[in-house]
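Student: My questions all concern the structure below.
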Amino acid sequence: MKIAIASGKGGTGKTTVSTNLTSLLSEKSAVVLTDLDVEEPNSGLFISGEKICEVDKYKMIPEWEKDECILCGNCQKVCNFNAVMKLSKIIMVFPELCHGCYACSELCPTNSLPMKPKKMGELKHFKSGNLDFIESKLIIGEEQAVPLIKQTLDYVDENFPDKTIKIFDAPPGTSCPVIEATKDADLILLVTEPTPFGLHDLKLAVETMKALKKDIGVIINRFGIGDANVEEYCEENNIPIIAKIPNMRKIAEIYSNGELLYHKIPEVKAQLENIITFISEYQQENTL
Amino acid sequence: MKILLTAKGTEWDSKMDPRFGRTEFFFIYDEETKKVDTYDNRAIANEAHGAGPKTAQKMSEYNVDILITGNGPGGNAASVVKQTGIKVFVGAGEMTVKEAYEAYKSGELK
């Protein structure tokens, strides 16, 4: 079963929920946590283990070979991302803009743009008892998160059976990386905070997940601040609120030390158990 | 010298566009023939990525010697501009096209 922890707004507590939930689940069964926020992964600050795998990840980009090129400019015409440019006598490729679609390469009449591998990031796999933790990270300068997220998801699919519970810490927002990180998930848990900003971005995230036809549940973090509008919105739209993590100074202090919360804060543990109950009921209803 | 200025309009009195990649117009002045040519680049607003190289590629078709703009091209556009050998002068973002041209002529732009 695949569960993605997403949010819309950044900084609402995706990683806090992902890491604490995974760790608590691992006390009873095997669980895999994957950090898909490849632009700035941070689950690894809270989860440790023995490194069992480290691999470089590559994307394919075209490289211009001038000898046979007739400078027809077809490559520039077919590129939707302005990653290939024909100047008067040369073809320029911008690897960071390239989405690796192969169009310029395949449609070149003289095969002057062969695709070559370019390193885009690294994947690391750690293990500690029942808990497997995987994180991928783009190298500096790389703009395209989607290809690395896709390859990370492939790694998880290849290495773990379907039945294992897999938690995915998604990137914030509602753009391409979030779509890639959530599109294969069975269930999406949206973490929000009870503020106007939190509600605004929650609505965007809910609309995105509805378009993807996903089942969703909402987790309110920092419960106690702001107003009741998030709760009202969820009620009006029949979205289950499955946990309310209280706003406490102590949570921020423990988080700042890179530690998990539920060992020290029973209120957090109780809310995580609500999430686990929701997940197991969902699993039974959908025979996952 | 053929000079290209990034502009918000097509007149000598038009404001300069401080942006290179997302400039609204090219204002092109040929000092030899005294002729002005313009190019409407506003469709660039539809490009989510790669506006810089695309505009730089368009500029390269005009065979200009000098580019006058506000903030200067970003990384990708700059690498195209470098290939074309066009000399770049920046700091004219708050001027009109006419003021920018005069500032260039008097050596006030860098």
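Every chain in the structure tokens takes a letter, A first, then B, and so on in the order presented; its residues are numbered from 1, and the ligands are numbered from 1 following the presented order.
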Looking only at strand (DSSP E or B) from DSSP on the backbone, list the matching residues of chain B as a PyMOL selection string.
Tutor: chain B and resi 2-7+15-16+25-30+35-40+66-68+87-89+96
Student: Compute the chain A side of the contact with chain B at 8 Å, counting only C-alpha atoms, and hand it back as a list in words.
Tutor: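 Every residue of chain A that passes the 8 Å test is in Phe81, Asn82, Ala83, Met85, Lys86, Leu87, Ser88, Met92, Phe94 and Leu97 of chain A.
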Student: So that I can see what lies close to Lys15 (chain B), please list as an MDAnalysis selection string the residues with an atom at most 12 Å from it, counting only C-alpha atoms and leaving out residues fewer than 4 positions away in the same chain.
Tutor: chainID B and resid 5:11 19 23:27 69:70 92:101
Student: Quote the spacing between CA of Ala185 (chain A) and CA of Cys98 (chain A) in Å to one decimal place.
Tutor: 26.8 Å
Student: Report as JSON, numbers by chain all protein, DNA and RNA residues lying within 10 Å of Val191 (chain A), evaluated on only C-alpha atoms, omitting residues in the same chain fewer than 4 positions from it.
Tutor: {"A": [5, 6, 7, 8, 9, 10, 11, 12, 13, 14, 15, 16, 17, 198, 202, 205, 217, 218, 219, 220, 221, 241, 243, 244]}
Student: Tell me, in Å to one decimal, how far CA of Gly75 (chain B) is from CA of Lys77 (chain A).
Tutor: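 Taking CA of Gly75 (chain B) and CA of Lys77 (chain A), their separation equals 21.8 Å.
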Student: If you count only C-alpha atoms, which residues fall within 12 Å of region 267-281 of chain A, apart from same-chain ones fewer than 5 positions away, as a VMD selection string?
Tutor: chain A and resid 1 to 5 16 to 26 28 to 29 165 to 167 186 to 191 215 to 223 240 to 248 250 to 251 260 to 262 286 to 288
Student: Save out the residues we just selected, N, CA and C atoms, as a compact mmCIF listing (two decimals), in the first residue's frame.
Tutor:
# COMPACT_ATOMS: atom_id res chain seq x y z
N MET A 1 0.85 -1.20 0.00
CA MET A 1 0.00 0.00 0.00
C MET A 1 0.88 1.25 0.00
N LYS A 2 0.48 2.22 -0.82
CA LYS A 2 1.27 3.45 -0.93
C LYS A 2 0.50 4.64 -0.37
N ILE A 3 1.15 5.35 0.53
CA ILE A 3 0.53 6.53 1.13
C ILE A 3 1.46 7.73 0.90
N ALA A 4 0.94 8.75 0.26
CA ALA A 4 1.75 9.96 0.05
C ALA A 4 1.34 11.02 1.06
N ILE A 5 2.34 11.65 1.67
CA ILE A 5 2.10 12.76 2.59
C ILE A 5 2.38 14.04 1.82
N THR A 16 7.52 15.94 9.44
CA THR A 16 7.22 15.57 10.83
C THR A 16 6.26 14.39 10.87
N VAL A 17 5.20 14.46 10.08
CA VAL A 17 4.22 13.37 10.05
C VAL A 17 4.85 12.12 9.44
N SER A 18 5.53 12.29 8.30
CA SER A 18 6.11 11.12 7.60
C SER A 18 7.08 10.34 8.49
N THR A 19 8.01 11.05 9.12
CA THR A 19 9.05 10.36 9.88
C THR A 19 8.49 9.74 11.17
N ASN A 20 7.65 10.47 11.87
CA ASN A 20 7.09 9.94 13.12
C ASN A 20 6.14 8.78 12.85
N LEU A 21 5.32 8.93 11.80
CA LEU A 21 4.37 7.87 11.45
C LEU A 21 5.11 6.61 11.04
N THR A 22 6.13 6.76 10.20
CA THR A 22 6.90 5.60 9.74
C THR A 22 7.57 4.89 10.91
N SER A 23 8.18 5.69 11.78
CA SER A 23 8.90 5.09 12.90
C SER A 23 7.94 4.32 13.83
N LEU A 24 6.78 4.91 14.09
CA LEU A 24 5.81 4.24 14.96
C LEU A 24 5.27 2.97 14.29
N LEU A 25 4.98 3.05 12.99
CA LEU A 25 4.51 1.87 12.26
C LEU A 25 5.55 0.75 12.30
N SER A 26 6.83 1.12 12.22
CA SER A 26 7.90 0.11 12.14
C SER A 26 8.07 -0.65 13.45
N LYS A 28 5.77 -2.23 14.71
CA LYS A 28 4.95 -3.44 14.57
C LYS A 28 5.11 -4.19 13.25
N SER A 29 5.47 -3.46 12.19
CA SER A 29 5.58 -4.16 10.90
C SER A 29 6.58 -3.45 9.99
N ILE A 165 3.77 -1.51 3.58
CA ILE A 165 3.29 -0.13 3.66
C ILE A 165 4.44 0.80 3.26
N LYS A 166 4.12 1.66 2.29
CA LYS A 166 5.15 2.59 1.79
C LYS A 166 4.65 4.02 2.00
N ILE A 167 5.45 4.77 2.73
CA ILE A 167 5.11 6.18 2.99
C ILE A 167 6.00 7.05 2.10
N ASP A 186 -2.11 5.11 -3.23
CA ASP A 186 -3.50 4.71 -3.00
C ASP A 186 -4.22 5.79 -2.21
N LEU A 187 -3.50 6.35 -1.26
CA LEU A 187 -4.13 7.29 -0.32
C LEU A 187 -3.22 8.50 -0.14
N ILE A 188 -3.83 9.69 -0.12
CA ILE A 188 -3.04 10.90 0.06
C ILE A 188 -3.44 11.55 1.38
N LEU A 189 -2.46 11.78 2.24
CA LEU A 189 -2.73 12.51 3.48
C LEU A 189 -2.20 13.93 3.32
N LEU A 190 -3.11 14.90 3.42
CA LEU A 190 -2.72 16.30 3.23
C LEU A 190 -2.52 16.96 4.59
N VAL A 191 -1.32 17.43 4.85
CA VAL A 191 -1.02 18.09 6.11
C VAL A 191 -1.24 19.59 5.92
N ASP A 215 -8.08 9.24 -3.13
CA ASP A 215 -8.72 9.29 -1.81
C ASP A 215 -7.83 10.13 -0.91
N ILE A 216 -8.46 11.04 -0.15
CA ILE A 216 -7.65 11.92 0.69
C ILE A 216 -8.16 11.97 2.13
N GLY A 217 -7.23 12.31 3.02
CA GLY A 217 -7.57 12.62 4.39
C GLY A 217 -6.74 13.82 4.80
N VAL A 218 -7.24 14.58 5.78
CA VAL A 218 -6.51 15.79 6.19
C VAL A 218 -5.96 15.63 7.60
N ILE A 219 -4.74 16.08 7.78
CA ILE A 219 -4.12 16.14 9.10
C ILE A 219 -3.89 17.62 9.42
N ILE A 220 -4.47 18.09 10.51
CA ILE A 220 -4.24 19.49 10.89
C ILE A 220 -3.08 19.53 11.87
N ASN A 221 -2.04 20.24 11.49
CA ASN A 221 -0.88 20.40 12.37
C ASN A 221 -0.97 21.77 13.03
N ARG A 222 -0.28 21.93 14.14
CA ARG A 222 -0.30 23.18 14.91
C ARG A 222 -1.73 23.55 15.28
N PHE A 223 -2.51 22.51 15.60
CA PHE A 223 -3.91 22.72 15.95
C PHE A 223 -4.00 23.60 17.20
N PRO A 240 -12.37 13.65 5.36
CA PRO A 240 -12.12 13.26 6.76
C PRO A 240 -10.91 13.97 7.36
N ILE A 241 -11.09 14.50 8.58
CA ILE A 241 -9.94 15.01 9.34
C ILE A 241 -9.50 13.87 10.25
N ILE A 242 -8.30 13.37 9.99
CA ILE A 242 -7.93 12.13 10.69
C ILE A 242 -7.02 12.37 11.88
N ALA A 243 -6.43 13.55 11.98
CA ALA A 243 -5.61 13.84 13.16
C ALA A 243 -5.48 15.35 13.34
N LYS A 244 -5.32 15.74 14.61
CA LYS A 244 -5.08 17.14 14.93
C LYS A 244 -3.88 17.18 15.87
N ILE A 245 -2.73 17.56 15.30
CA ILE A 245 -1.50 17.60 16.11
C ILE A 245 -1.43 18.96 16.79
N PRO A 246 -1.37 18.97 18.12
CA PRO A 246 -1.47 20.25 18.82
C PRO A 246 -0.27 21.17 18.57
N ASN A 247 -0.51 22.47 18.70
CA ASN A 247 0.58 23.44 18.62
C ASN A 247 1.26 23.52 19.98
N MET A 248 2.51 23.07 20.06
CA MET A 248 3.23 23.09 21.34
C MET A 248 4.66 23.54 21.11
N LYS A 250 7.15 22.67 22.80
CA LYS A 250 8.04 21.53 22.99
C LYS A 250 8.27 20.75 21.68
N ILE A 251 7.23 20.72 20.84
CA ILE A 251 7.37 20.03 19.55
C ILE A 251 8.46 20.71 18.72
N LEU A 260 12.68 12.54 16.91
CA LEU A 260 11.27 12.21 16.69
C LEU A 260 10.46 12.62 17.92
N LEU A 261 9.16 12.87 17.70
CA LEU A 261 8.34 13.50 18.75
C LEU A 261 7.61 12.52 19.65
N TYR A 262 7.15 11.41 19.07
CA TYR A 262 6.12 10.65 19.79
C TYR A 262 6.64 9.92 21.03
N ASN A 286 -10.35 -1.52 1.22
CA ASN A 286 -9.91 -1.59 -0.17
C ASN A 286 -9.07 -2.82 -0.47
N THR A 287 -9.05 -3.74 0.50
CA THR A 287 -8.26 -4.97 0.40
C THR A 287 -6.88 -4.76 -0.23
N LEU A 288 -6.11 -3.86 0.37
CA LEU A 288 -4.76 -3.57 -0.12
C LEU A 288 -3.73 -4.40 0.64
Student: Quick check for you: according to DSSP on this backbone, which residues of chain B are classed as alpha helix (DSSP H)? Reply as a PyMOL selection string.
Tutor: chain B and resi 51-60+75-84+97-105
Student: Given only C-alpha atoms as the basis, pick out the residue of B:Leu67, B:Gly21, B:Lys2, B:Lys110 nearest to Asp37 (chain B).
Tutor: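 Of the candidates, the smallest distance to Asp37 (chain B) is held by B:Lys2.
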